[in-house]
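One file, work_21.cif, carrying mmCIF, C-alpha atoms:
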data_final
loop_
_atom_site.label_atom_id
_atom_site.label_comp_id
_atom_site.auth_asym_id
_atom_site.auth_seq_id
_atom_site.Cartn_x
_atom_site.Cartn_y
_atom_site.Cartn_z
CA MET K 1 0.00 0.00 0.00
CA ARG K 2 2.88 2.34 0.79
CA LEU K 3 4.40 1.63 -2.63
CA LYS K 4 1.13 2.47 -4.45
CA ARG K 5 0.83 5.73 -2.52
CA LYS K 6 4.40 6.70 -3.46
CA VAL K 7 3.72 5.93 -7.16
CA PHE K 8 0.54 8.06 -7.08
CA LEU K 9 2.32 11.03 -5.51
CA LEU K 10 5.17 10.71 -8.03
CA ILE K 11 2.76 10.81 -11.00
CA ALA K 12 0.86 13.74 -9.56
CA GLY K 13 4.10 15.65 -9.06
CA LEU K 14 5.22 15.00 -12.64
CA LEU K 15 1.86 16.28 -13.99
CA ILE K 16 2.24 19.50 -12.03
CA LEU K 17 5.83 19.98 -13.21
CA ASN K 18 4.73 19.46 -16.84
CA GLY K 19 2.16 22.29 -16.52
CA CYS K 20 -0.92 20.12 -16.88
CA SER K 21 -4.10 21.65 -15.48
CA SER K 22 -7.62 20.61 -14.81
CA PRO K 23 -10.49 21.37 -17.25
CA ASP K 24 -11.83 23.95 -14.78
CA SER K 25 -8.58 25.93 -14.59
CA SER K 26 -8.25 25.86 -18.39
CA TYR K 27 -11.78 27.32 -18.68
CA GLU K 28 -10.98 30.07 -16.22
CA GLU K 29 -7.75 30.91 -18.04
CA LYS K 30 -9.61 31.14 -21.35
CA ASN K 31 -12.29 33.41 -19.93
CA ASP K 32 -9.75 35.63 -18.22
CA LYS K 33 -8.18 36.37 -21.59
CA LYS K 34 -8.37 40.07 -22.43
CA VAL K 35 -10.80 41.01 -25.20
CA LYS K 36 -9.82 43.84 -27.54
CA LEU K 37 -11.76 45.52 -30.32
CA GLU K 38 -10.48 44.89 -33.85
CA TYR K 39 -11.90 47.33 -36.40
CA GLU K 40 -13.41 45.95 -39.62
CA SER K 41 -15.50 48.63 -41.37
CA SER K 42 -17.88 51.58 -41.02
CA MET K 43 -21.46 52.04 -42.18
CA GLU K 44 -21.98 54.09 -45.32
CA VAL K 45 -24.05 57.18 -44.51
CA GLU K 46 -25.32 59.44 -47.31
CA TYR K 47 -27.18 62.34 -45.71
CA ALA K 48 -27.14 62.09 -41.92
CA LYS K 49 -24.44 64.02 -40.06
CA GLY K 50 -25.48 63.08 -36.54
CA PHE K 51 -24.27 59.50 -36.18
CA LYS K 52 -21.79 56.88 -37.28
CA VAL K 53 -21.61 53.11 -36.93
CA ASP K 54 -18.36 51.15 -36.76
CA TYR K 55 -18.13 47.37 -37.05
CA TYR K 56 -15.56 45.22 -35.25
CA LYS K 57 -14.61 41.55 -35.35
CA GLU K 58 -16.64 39.01 -33.39
CA GLY K 59 -19.85 41.00 -34.02
CA TYR K 60 -19.10 44.04 -31.84
CA LYS K 61 -20.55 47.38 -32.97
CA VAL K 62 -19.93 50.93 -31.80
CA LEU K 63 -22.75 53.43 -32.48
CA THR K 64 -21.83 57.07 -31.97
CA VAL K 65 -24.22 60.03 -31.59
CA ASN K 66 -22.06 62.93 -32.75
CA GLU K 67 -24.02 65.79 -31.21
CA ALA K 68 -23.98 64.22 -27.77
CA LYS K 69 -20.40 62.97 -28.21
CA THR K 70 -21.59 59.66 -26.84
CA SER K 71 -20.76 56.15 -28.07
CA TYR K 72 -22.70 52.98 -27.41
CA ILE K 73 -21.02 49.59 -27.72
CA VAL K 74 -23.31 46.69 -28.62
CA ILE K 75 -22.07 43.46 -27.03
CA PRO K 76 -23.07 40.27 -28.91
CA GLU K 77 -24.84 37.66 -26.83
CA GLY K 78 -22.37 35.54 -24.89
CA LYS K 79 -19.44 37.91 -25.49
CA LYS K 80 -17.43 39.88 -22.92
CA VAL K 81 -17.15 43.64 -22.72
CA PRO K 82 -13.80 44.51 -24.36
CA ASP K 83 -11.06 45.65 -22.01
CA ASP K 84 -9.88 48.51 -24.19
CA ILE K 85 -13.10 50.54 -24.53
CA ASP K 86 -13.36 54.11 -23.31
CA LYS K 87 -14.67 54.37 -19.76
CA ASP K 88 -17.47 56.70 -20.89
CA MET K 89 -18.78 54.31 -23.54
CA VAL K 90 -22.32 53.07 -22.82
CA VAL K 91 -22.66 49.29 -22.86
CA ILE K 92 -25.73 47.70 -24.46
CA ASN K 93 -25.93 43.93 -24.18
CA GLN K 94 -27.60 41.63 -26.67
CA PRO K 95 -30.15 40.19 -26.90
CA LEU K 96 -31.76 43.61 -26.91
CA LYS K 97 -35.34 43.61 -25.59
CA ASP K 98 -37.68 45.26 -23.08
CA ILE K 99 -37.03 48.78 -24.42
CA TYR K 100 -38.69 51.87 -22.95
CA MET K 101 -39.58 53.91 -26.06
CA VAL K 102 -39.88 57.63 -25.43
CA SER K 103 -38.93 59.03 -28.85
CA THR K 104 -42.02 59.04 -31.07
CA GLY K 105 -39.91 59.29 -34.21
CA VAL K 106 -37.92 56.20 -33.30
CA MET K 107 -41.12 54.25 -32.61
CA ASP K 108 -41.98 54.75 -36.28
CA MET K 109 -38.53 53.45 -37.21
CA PHE K 110 -38.94 50.32 -35.09
CA ALA K 111 -42.28 49.76 -36.80
CA GLY K 112 -40.54 50.10 -40.16
CA LEU K 113 -37.85 47.66 -39.04
CA ASP K 114 -40.41 45.06 -37.89
CA ALA K 115 -38.79 45.33 -34.45
CA MET K 116 -41.84 46.15 -32.33
CA ASP K 117 -41.33 42.95 -30.33
CA LEU K 118 -38.26 44.56 -28.75
CA ILE K 119 -40.37 47.30 -27.14
CA THR K 120 -42.12 46.65 -23.83
CA PHE K 121 -42.68 50.16 -22.45
CA SER K 122 -44.05 53.40 -23.92
CA SER K 123 -44.05 57.03 -22.76
CA LYS K 124 -47.40 57.57 -24.47
CA LYS K 125 -50.76 55.93 -24.00
CA ALA K 126 -52.43 54.01 -26.81
CA ASP K 127 -54.77 56.86 -27.81
CA GLU K 128 -51.81 59.26 -28.10
CA TRP K 129 -50.09 57.27 -30.83
CA TYR K 130 -50.47 57.91 -34.56
CA VAL K 131 -48.09 55.04 -35.34
CA ASP K 132 -50.61 52.28 -36.04
CA LYS K 133 -48.38 49.42 -34.93
CA ALA K 134 -47.64 51.14 -31.62
CA LYS K 135 -51.34 51.71 -30.94
CA GLU K 136 -52.12 48.10 -31.86
CA GLU K 137 -49.38 46.64 -29.65
CA MET K 138 -50.53 48.71 -26.68
CA GLU K 139 -54.17 47.76 -27.16
CA ASN K 140 -53.09 44.11 -27.27
CA GLY K 141 -51.10 44.52 -24.05
CA ASN K 142 -47.71 43.81 -25.61
CA ILE K 143 -46.50 47.34 -24.82
CA VAL K 144 -47.46 49.04 -21.56
CA TYR K 145 -47.53 52.67 -20.51
CA ALA K 146 -44.57 53.44 -18.24
CA GLY K 147 -45.00 57.17 -17.60
CA LYS K 148 -44.09 60.21 -19.67
CA TYR K 149 -40.51 61.15 -20.45
CA SER K 150 -40.14 63.56 -17.51
CA LYS K 151 -41.73 61.21 -14.97
CA PRO K 152 -41.15 57.54 -15.80
CA ASP K 153 -42.57 54.73 -13.70
CA TYR K 154 -39.21 53.60 -12.35
CA GLU K 155 -40.75 50.87 -10.23
CA LEU K 156 -42.36 49.28 -13.27
CA LEU K 157 -39.25 49.64 -15.44
CA VAL K 158 -37.03 48.01 -12.82
CA ALA K 159 -39.52 45.27 -11.92
CA LYS K 160 -39.97 44.30 -15.59
CA ASN K 161 -36.21 44.47 -16.29
CA CYS K 162 -36.09 47.35 -18.77
CA ARG K 163 -32.87 46.97 -20.82
CA LEU K 164 -32.71 50.35 -22.60
CA ALA K 165 -34.46 53.75 -22.69
CA ILE K 166 -34.56 55.52 -26.07
CA GLU K 167 -35.13 59.26 -25.62
CA ASN K 168 -35.19 62.33 -27.83
CA THR K 169 -33.63 65.70 -27.04
CA MET K 170 -36.58 66.71 -24.81
CA ILE K 171 -34.91 64.71 -22.04
CA SER K 172 -32.35 67.52 -21.75
CA HIS K 173 -35.04 69.41 -19.80
CA SER K 174 -35.11 66.60 -17.22
CA PRO K 175 -31.48 65.54 -16.66
CA GLN K 176 -32.43 63.99 -13.32
CA VAL K 177 -34.30 61.28 -15.24
CA ILE K 178 -31.09 60.19 -16.98
CA GLU K 179 -29.26 60.03 -13.64
CA LYS K 180 -32.07 58.00 -12.09
CA MET K 181 -32.21 55.58 -15.02
CA GLU K 182 -28.47 55.00 -14.91
CA SER K 183 -28.61 54.45 -11.15
CA PHE K 184 -30.90 51.49 -11.93
CA ASN K 185 -28.45 50.26 -14.60
CA ILE K 186 -30.81 51.20 -17.44
CA PRO K 187 -28.75 52.63 -20.33
CA VAL K 188 -30.16 55.82 -21.89
CA LEU K 189 -29.77 56.45 -25.63
CA ILE K 190 -30.62 59.96 -26.87
CA GLU K 191 -31.29 60.34 -30.60
CA TYR K 192 -30.73 63.61 -32.45
CA ALA K 193 -32.52 62.90 -35.73
CA SER K 194 -34.43 66.19 -35.45
CA TYR K 195 -31.12 68.07 -35.70
CA GLU K 196 -30.54 66.88 -39.26
CA ASP K 197 -30.90 69.70 -41.79
CA HIS K 198 -31.75 67.37 -44.68
CA PRO K 199 -35.03 65.43 -44.56
CA LEU K 200 -33.33 62.27 -45.78
CA GLY K 201 -30.72 62.72 -43.05
CA ARG K 202 -33.54 62.43 -40.55
CA VAL K 203 -34.89 59.31 -42.26
CA GLU K 204 -31.39 57.82 -42.45
CA TRP K 205 -31.34 57.44 -38.67
CA ILE K 206 -33.23 54.21 -39.34
CA LYS K 207 -29.82 52.80 -40.28
CA PHE K 208 -28.54 53.67 -36.81
CA PHE K 209 -31.38 51.73 -35.21
CA GLY K 210 -31.05 49.00 -37.82
CA ALA K 211 -27.50 48.48 -36.54
CA LEU K 212 -28.73 48.51 -32.94
CA THR K 213 -31.30 45.79 -33.69
CA ASP K 214 -29.24 43.73 -36.19
CA LYS K 215 -31.59 44.74 -39.02
CA GLU K 216 -29.23 46.67 -41.29
CA ASP K 217 -30.60 45.24 -44.54
CA LYS K 218 -34.19 46.09 -43.63
CA ALA K 219 -33.16 49.61 -42.62
CA LYS K 220 -31.41 50.16 -45.93
CA ASP K 221 -34.48 49.01 -47.88
CA VAL K 222 -36.82 51.34 -45.96
CA PHE K 223 -34.45 54.28 -46.42
CA ASN K 224 -34.07 53.66 -50.16
CA ILE K 225 -37.86 53.74 -50.67
CA GLN K 226 -38.04 57.28 -49.24
CA LYS K 227 -34.90 58.30 -51.12
CA GLU K 228 -36.45 57.22 -54.43
CA LYS K 229 -39.61 59.22 -53.69
CA VAL K 230 -37.58 62.35 -52.94
CA ASN K 231 -35.40 61.95 -56.03
CA LYS K 232 -38.50 61.58 -58.19
CA VAL K 233 -39.78 64.95 -56.95
CA ILE K 234 -36.52 66.90 -57.22
CA GLU K 235 -36.08 65.79 -60.81
CA ASP K 236 -39.08 68.00 -61.56
CA THR K 237 -38.72 71.73 -62.23
CA LYS K 238 -38.74 74.44 -59.55
CA THR K 239 -42.09 76.17 -59.19
CA GLY K 240 -40.93 79.60 -58.01
CA LYS K 241 -43.70 79.55 -55.38
CA THR K 242 -43.14 80.72 -51.78
CA VAL K 243 -44.46 78.94 -48.66
CA VAL K 244 -44.86 79.86 -44.98
CA PHE K 245 -45.11 77.12 -42.36
CA PHE K 246 -46.23 78.04 -38.82
CA TYR K 247 -48.66 77.75 -35.95
CA VAL K 248 -50.08 80.24 -33.43
CA THR K 249 -48.88 79.73 -29.84
CA SER K 250 -51.14 79.92 -26.79
CA ASN K 251 -49.78 83.39 -25.98
CA GLY K 252 -50.46 84.76 -29.45
CA LEU K 253 -46.96 84.54 -30.94
CA ILE K 254 -46.12 82.91 -34.27
CA SER K 255 -43.96 79.79 -34.11
CA THR K 256 -42.17 79.20 -37.37
CA ARG K 257 -39.34 76.93 -38.43
CA THR K 258 -35.80 78.21 -38.89
CA SER K 259 -34.61 78.53 -42.48
CA SER K 260 -32.07 75.74 -41.88
CA ASP K 261 -34.65 73.30 -40.49
CA TYR K 262 -35.62 70.09 -42.28
CA ILE K 263 -39.14 71.44 -42.96
CA ALA K 264 -37.64 74.37 -44.87
CA LYS K 265 -35.49 71.89 -46.77
CA MET K 266 -38.57 69.79 -47.60
CA ILE K 267 -40.24 72.82 -49.16
CA GLU K 268 -37.11 73.56 -51.15
CA LEU K 269 -36.82 69.95 -52.39
CA ALA K 270 -40.51 70.04 -53.34
CA GLY K 271 -39.80 72.95 -55.68
CA GLY K 272 -40.75 75.88 -53.46
CA THR K 273 -39.04 78.64 -51.45
CA TYR K 274 -39.45 78.79 -47.69
CA LEU K 275 -40.46 82.06 -46.03
CA PRO K 276 -39.24 83.80 -43.97
CA GLU K 277 -35.87 83.10 -45.59
CA ASP K 278 -33.75 84.74 -42.89
CA VAL K 279 -35.16 83.03 -39.79
CA LYS K 280 -32.25 81.76 -37.73
CA SER K 281 -31.68 80.58 -34.18
CA ASP K 282 -28.73 81.17 -31.89
CA THR K 283 -29.17 77.59 -30.69
CA LYS K 284 -29.99 74.46 -32.66
CA LYS K 285 -33.70 74.81 -32.04
CA ALA K 286 -35.83 73.84 -35.02
CA SER K 287 -38.31 76.70 -34.52
CA ILE K 288 -38.50 80.18 -33.05
CA ASN K 289 -41.31 82.45 -31.88
CA MET K 290 -41.85 85.92 -33.31
CA PRO K 291 -44.44 88.72 -32.90
CA VAL K 292 -47.38 88.69 -35.29
CA GLU K 293 -46.32 92.01 -36.85
CA GLU K 294 -42.88 90.69 -37.74
CA PHE K 295 -44.34 87.49 -39.19
CA TYR K 296 -46.83 89.52 -41.26
CA ASN K 297 -44.09 91.70 -42.74
CA LYS K 298 -41.96 88.70 -43.64
CA GLY K 299 -44.62 86.34 -44.92
CA LYS K 300 -47.66 88.30 -46.16
CA ASP K 301 -46.76 87.82 -49.83
CA ALA K 302 -46.27 84.05 -49.63
CA ASP K 303 -48.05 82.07 -52.32
CA TYR K 304 -48.99 79.25 -49.93
CA ILE K 305 -49.69 78.85 -46.21
CA ILE K 306 -49.17 75.57 -44.35
CA TYR K 307 -50.49 75.55 -40.80
CA SER K 308 -48.76 73.08 -38.48
CA SER K 309 -51.00 70.87 -36.35
CA ALA K 310 -48.13 69.70 -34.11
CA ILE K 311 -49.14 71.47 -30.90
CA ASP K 312 -52.77 72.52 -31.02
CA GLY K 313 -54.17 69.81 -33.27
CA GLY K 314 -54.55 72.12 -36.26
CA VAL K 315 -57.55 73.91 -37.72
CA LYS K 316 -60.46 72.80 -39.90
CA SER K 317 -61.14 75.95 -41.90
CA VAL K 318 -59.70 79.30 -42.94
CA ASP K 319 -62.19 81.08 -40.65
CA GLU K 320 -60.89 79.05 -37.70
CA LEU K 321 -57.33 80.04 -38.60
CA VAL K 322 -58.26 83.72 -38.86
CA LYS K 323 -59.86 83.56 -35.40
CA LYS K 324 -56.48 82.45 -34.07
CA CYS K 325 -54.66 85.28 -35.84
CA ASP K 326 -56.71 88.04 -37.48
CA VAL K 327 -53.95 89.46 -39.73
CA ILE K 328 -53.79 86.13 -41.61
CA LYS K 329 -56.82 87.24 -43.61
CA ASN K 330 -54.61 89.83 -45.33
CA PHE K 331 -52.07 87.27 -46.57
CA LYS K 332 -51.88 86.76 -50.33
CA ALA K 333 -52.29 82.99 -49.90
CA VAL K 334 -55.60 83.45 -48.07
CA LYS K 335 -56.96 85.75 -50.78
CA ASP K 336 -55.88 83.24 -53.44
CA GLY K 337 -57.34 80.26 -51.61
CA ASN K 338 -54.00 78.51 -51.04
CA VAL K 339 -54.22 77.62 -47.33
CA TRP K 340 -53.29 74.12 -46.13
CA CYS K 341 -52.86 72.25 -42.85
CA THR K 342 -50.79 69.24 -41.82
CA THR K 343 -52.40 66.11 -40.44
CA SER K 344 -51.78 65.37 -36.77
CA ASP K 345 -49.84 62.17 -37.43
CA MET K 346 -47.09 63.77 -39.53
CA TYR K 347 -44.77 64.40 -36.60
CA GLN K 348 -44.74 60.82 -35.35
CA GLN K 349 -44.03 59.53 -38.86
CA SER K 350 -40.26 59.95 -39.03
CA LEU K 351 -40.08 57.89 -42.21
CA SER K 352 -42.48 60.19 -44.05
CA ALA K 353 -39.99 62.53 -45.78
CA GLY K 354 -40.67 61.26 -49.28
CA ASP K 355 -44.44 61.36 -48.85
CA MET K 356 -44.41 64.82 -47.27
CA ILE K 357 -42.20 66.27 -50.00
CA SER K 358 -44.47 64.71 -52.63
CA ASP K 359 -47.51 66.28 -50.93
CA ILE K 360 -45.90 69.74 -50.93
CA HIS K 361 -44.87 69.33 -54.56
CA ASN K 362 -48.41 68.33 -55.54
CA MET K 363 -49.73 71.35 -53.63
CA LEU K 364 -47.35 73.70 -55.45
CA THR K 365 -48.04 72.24 -58.88
CA GLY K 366 -51.80 71.91 -58.45
CA LYS K 367 -51.80 68.17 -59.10
CA ASP K 368 -55.09 66.58 -58.22
CA GLU K 369 -53.66 63.66 -56.28
CA GLU K 370 -54.55 62.23 -52.88
CA MET K 371 -52.45 63.78 -50.12
CA VAL K 372 -50.99 61.83 -47.19
CA TYR K 373 -50.01 64.56 -44.72
CA LEU K 374 -51.63 67.75 -46.08
CA PHE K 375 -55.23 68.87 -46.57
CA LYS K 376 -56.65 72.10 -47.99
CA LEU K 377 -58.59 74.54 -45.82
CA LYS K 378 -61.73 76.21 -47.15
#
Please re-express this file's structure in structure tokens.
Amino acid sequence: MRLKRKVFLLIAGLLILNGCSSPDSSYEEKNDKKVKLEYESSMEVEYAKGFKVDYYKEGYKVLTVNEAKTSYIVIPEGKKVPDDIDKDMVVINQPLKDIYMVSTGVMDMFAGLDAMDLITFSSKKADEWYVDKAKEEMENGNIVYAGKYSKPDYELLVAKNCRLAIENTMISHSPQVIEKMESFNIPVLIEYASYEDHPLGRVEWIKFFGALTDKEDKAKDVFNIQKEKVNKVIEDTKTGKTVVFFYVTSNGLISTRTSSDYIAKMIELAGGTYLPEDVKSDTKKASINMPVEEFYNKGKDADYIIYSSAIDGGVKSVDELVKKCDVIKNFKAVKDGNVWCTTSDMYQQSLSAGDMISDIHNMLTGKDEEMVYLFKLK
């Protein structure tokens, strides 16, 4: 027995000297190996200036929002977080699901990507949505209301394991929400599509979210459909017609878009000229407020009026518009019968650029075609 014990100890000692290890220690050594990002390529972006997407080996992706100077690294399922990433980079783990969707424009993109199953929470109630798929999913109980952007239902989000909150720039007014979300380990992604000065740049953000959801091909197809619609319109001749786009605020001021805004660009691509041409903002705000007298002087000779329904739900007739702002009756467009209004759903339809530009072009050229986002006031 003593001899057998000595033989066993001798063999064990030789194995240790030869560097042999158990299966468990080999596994731990393998998983302790440092993971580094190895760049492969970048996404081709045609119009958007606000984001970029970089691809790395092993399926890693880095999505950067330029305006916010924030990068998000998407970690493939079963992979480790690389050791060499910047400490400020936001980590988003796959599989991505249980999203809290605050940005209405991005909801439309997820609908276009057939990615509604990734959304569990909404900042709007079912009757507040003009995105049909969002309304349907909420009515069916697949998406639940989790509080508005400035006052989320944190208890619900944590209890149901929310994995990501997608916000728009409105969240900048409630920075405490971001801090609270992050304290619960819920990453916050802020999109800046509204900052794009070209309508197709705004639409192209679908590629950003296509990369986030592993649906790049679908995103490219959706984008190309709108691109083709826009190109079809801009191949037509310029009309020489001028257009004002505005709404009347609750305190009697005129809210109009800046001349660098995507709405102004839509009018230009549709063959028109946006008025007032010199409306600028010291910040990157898409619209500014001005006194009625100033607006009258700048826009009274416009050939067409488009009233925005974004805030107050719009108007149903010219008389209703004049009641909001009496001087409108003296505008050339009113006298000529060229007064239009947007539909309420336009602003939740972020993929509508091609259709909206086509509508404006048809308005300017007098084509008797069915409109999608515009209707004439009488």
Sort by chain and increasing residue number a table of all residues of region 174-243 of chain K within 9 Å of region 63-68 of chain K, each with its closest pair of atoms and their distance in Å to one decimal, counting all atoms listed in the file, and write it as a Markdown table.
| residue | atom | partner | partner_atom | distance |
| --- | --- | --- | --- | --- |
| K:Leu189 | CA | K:Val65 | CA | 8.9 |
| K:Ile190 | CA | K:Ala68 | CA | 7.9 |
| K:Glu191 | CA | K:Val65 | CA | 7.1 |
| K:Tyr192 | CA | K:Glu67 | CA | 7.2 |
| K:Tyr195 | CA | K:Glu67 | CA | 8.7 |
| K:Phe208 | CA | K:Leu63 | CA | 7.2 |
| K:Ala211 | CA | K:Leu63 | CA | 8.0 |
| K:Leu212 | CA | K:Leu63 | CA | 7.8 |
Can you translate the PyMOL selection byres ((chain K and resi 327) around 12) into the concrete residues it hits in this file, as a count of residues only? 25
Using the chain letters and numbers from the file, give me the residues hit by the PyMOL selection byres ((chain K and resi 181-188) around 9), as an MDAnalysis selection string. chainID K and resid 90:92 154 157:158 161:167 176:180 189:190
Export of the given selection (C-alpha atoms) as a compact mmCIF listing (two decimals), in the frame of the given file:
# COMPACT_ATOMS: atom_id res chain seq x y z
CA VAL K 90 -22.32 53.07 -22.82
CA VAL K 91 -22.66 49.29 -22.86
CA ILE K 92 -25.73 47.70 -24.46
CA TYR K 154 -39.21 53.60 -12.35
CA LEU K 157 -39.25 49.64 -15.44
CA VAL K 158 -37.03 48.01 -12.82
CA ASN K 161 -36.21 44.47 -16.29
CA CYS K 162 -36.09 47.35 -18.77
CA ARG K 163 -32.87 46.97 -20.82
CA LEU K 164 -32.71 50.35 -22.60
CA ALA K 165 -34.46 53.75 -22.69
CA ILE K 166 -34.56 55.52 -26.07
CA GLU K 167 -35.13 59.26 -25.62
CA GLN K 176 -32.43 63.99 -13.32
CA VAL K 177 -34.30 61.28 -15.24
CA ILE K 178 -31.09 60.19 -16.98
CA GLU K 179 -29.26 60.03 -13.64
CA LYS K 180 -32.07 58.00 -12.09
CA LEU K 189 -29.77 56.45 -25.63
CA ILE K 190 -30.62 59.96 -26.87
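When you apply the PyMOL selection byres ((chain K and resi 148) around 10) to this structure, what comes back is Val102, Ser122, Ser123, Lys124, Lys125, Tyr145, Ala146, Gly147, Tyr149, Ser150, Lys151, Pro152 and Asp153 of chain K.
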Name the residues within 12 Å of (-54.4, 71.6, -42.5), counting all atoms listed in the file in the file's coordinates, and put them as a ChimeraX atom specification. /K:245-247,304-310,312-318,320-321,338-346,371-378
If I put a ball of radius 10 Å at (-43.6, 72.7, -54.2) in the file's coordinates, which residues poke into it when counting all atoms listed in the file, written as number ranges by chain? K: 233-234, 236-243, 266-274, 304, 357-366
Region 313-318 of chain K, all listed atoms, 5 Å padding on each side: what axis-aligned box centre and edge lengths in Å to one decimal come out, as JSON?
{"center_x": -57.7, "center_y": 74.6, "center_z": -38.1, "size_x": 17.0, "size_y": 19.5, "size_z": 19.7}
Determine, counting only C-alpha atoms, which protein, DNA and RNA residues have an atom within 7 Å of an atom of Lys207 (chain K); residues of the same chain fewer than 2 positions away are not included. Present the result as a PyMOL selection string. chain K and resi 204-205+209-211+216+219-220
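Between CA of Asp132 (chain K) and CA of Asp114 (chain K) there is a distance of 12.6 Å.
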Of the candidates K:Val203, K:Val244, K:Ala353, K:Leu253, which shows the shortest atom-to-atom distance to Lys49 (chain K), using all atoms listed in the file?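 Of the candidates, the smallest distance to Lys49 (chain K) is held by K:Val203.
For the residues K:Glu58, K:Asp108, K:Glu44, K:Glu235, ranking by smallest atom-to-atom distance to Ser350 (chain K) using all atoms listed in the file places K:Asp108 first.
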Have a look at CA of Arg202 (chain K) and CA of Leu351 (chain K) and let me know their distance in Å, one decimal.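 CA of Leu351 (chain K) lies 8.1 Å from CA of Arg202 (chain K).
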Spatial neighbours of Asn93 (chain K), max dist 8 Å, all atoms listed in the file, sep filter under 2 positions, as a ChimeraX atom specification: /K:74-77,91,95-96
Saved selection, atoms kept: C-alpha atoms, as a PDB file, in the coordinates of the input:
ATOM      1  CA  VAL K  74     -23.310  46.690 -28.620  1.00  0.00           C
ATOM      2  CA  ILE K  75     -22.070  43.460 -27.030  1.00  0.00           C
ATOM      3  CA  PRO K  76     -23.070  40.270 -28.910  1.00  0.00           C
ATOM      4  CA  GLU K  77     -24.840  37.660 -26.830  1.00  0.00           C
ATOM      5  CA  VAL K  91     -22.660  49.290 -22.860  1.00  0.00           C
ATOM      6  CA  PRO K  95     -30.150  40.190 -26.900  1.00  0.00           C
ATOM      7  CA  LEU K  96     -31.760  43.610 -26.910  1.00  0.00           C
TER       8      LEU K  96
END
The distance between CA of Met116 (chain K) and CA of Val53 (chain K) is 21.9 Å
Show which residues sit within 12 Å of Ala134 (chain K), as a PyMOL selection string. Count all atoms listed in the file, and ignore same-chain residues fewer than 6 positions away. chain K and resi 101-102+104-112+114-128+140-145+348-349
Pick out the residues sitting within 9 Å of Glu196 (chain K), and hand them over as number ranges by chain; count only C-alpha atoms, and ignore anything fewer than 6 positions along from it in its own chain. K: 47-50, 202, 261-262
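Residue nearest Ser259 (chain K), chosen from K:Met290, K:Leu37, K:Asp197, K:Ile225 and counting all atoms listed in the file: K:Asp197.
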Please return region 81-93 of chain K, rebuilt to N, CA and C atoms, as a compact mmCIF listing (two decimals), in the coordinates of the input.
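This is the output file selection05.txt:
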# COMPACT_ATOMS: atom_id res chain seq x y z
N VAL K 81 -17.40 42.23 -22.43
CA VAL K 81 -17.15 43.64 -22.72
C VAL K 81 -15.64 43.80 -22.95
N PRO K 82 -15.23 44.36 -24.08
CA PRO K 82 -13.80 44.51 -24.36
C PRO K 82 -13.09 45.32 -23.28
N ASP K 83 -11.84 44.99 -23.06
CA ASP K 83 -11.06 45.65 -22.01
C ASP K 83 -10.56 47.03 -22.41
N ASP K 84 -10.51 47.28 -23.73
CA ASP K 84 -9.88 48.51 -24.19
C ASP K 84 -10.86 49.61 -24.58
N ILE K 85 -12.14 49.49 -24.16
CA ILE K 85 -13.10 50.54 -24.53
C ILE K 85 -12.94 51.74 -23.61
N ASP K 86 -13.40 52.88 -24.10
CA ASP K 86 -13.36 54.11 -23.31
C ASP K 86 -14.30 53.96 -22.11
N LYS K 87 -13.89 54.51 -20.99
CA LYS K 87 -14.67 54.37 -19.76
C LYS K 87 -16.04 55.03 -19.84
N ASP K 88 -16.19 56.01 -20.76
CA ASP K 88 -17.47 56.70 -20.89
C ASP K 88 -18.41 56.04 -21.90
N MET K 89 -17.95 54.99 -22.56
CA MET K 89 -18.78 54.31 -23.54
C MET K 89 -19.92 53.57 -22.85
N VAL K 90 -21.13 53.71 -23.40
CA VAL K 90 -22.32 53.07 -22.82
C VAL K 90 -22.44 51.65 -23.36
N VAL K 91 -22.58 50.70 -22.47
CA VAL K 91 -22.66 49.29 -22.86
C VAL K 91 -24.10 48.86 -23.03
N ILE K 92 -24.41 48.26 -24.19
CA ILE K 92 -25.73 47.70 -24.46
C ILE K 92 -25.55 46.23 -24.81
N ASN K 93 -26.10 45.36 -23.99
CA ASN K 93 -25.93 43.93 -24.18
C ASN K 93 -27.03 43.32 -25.02
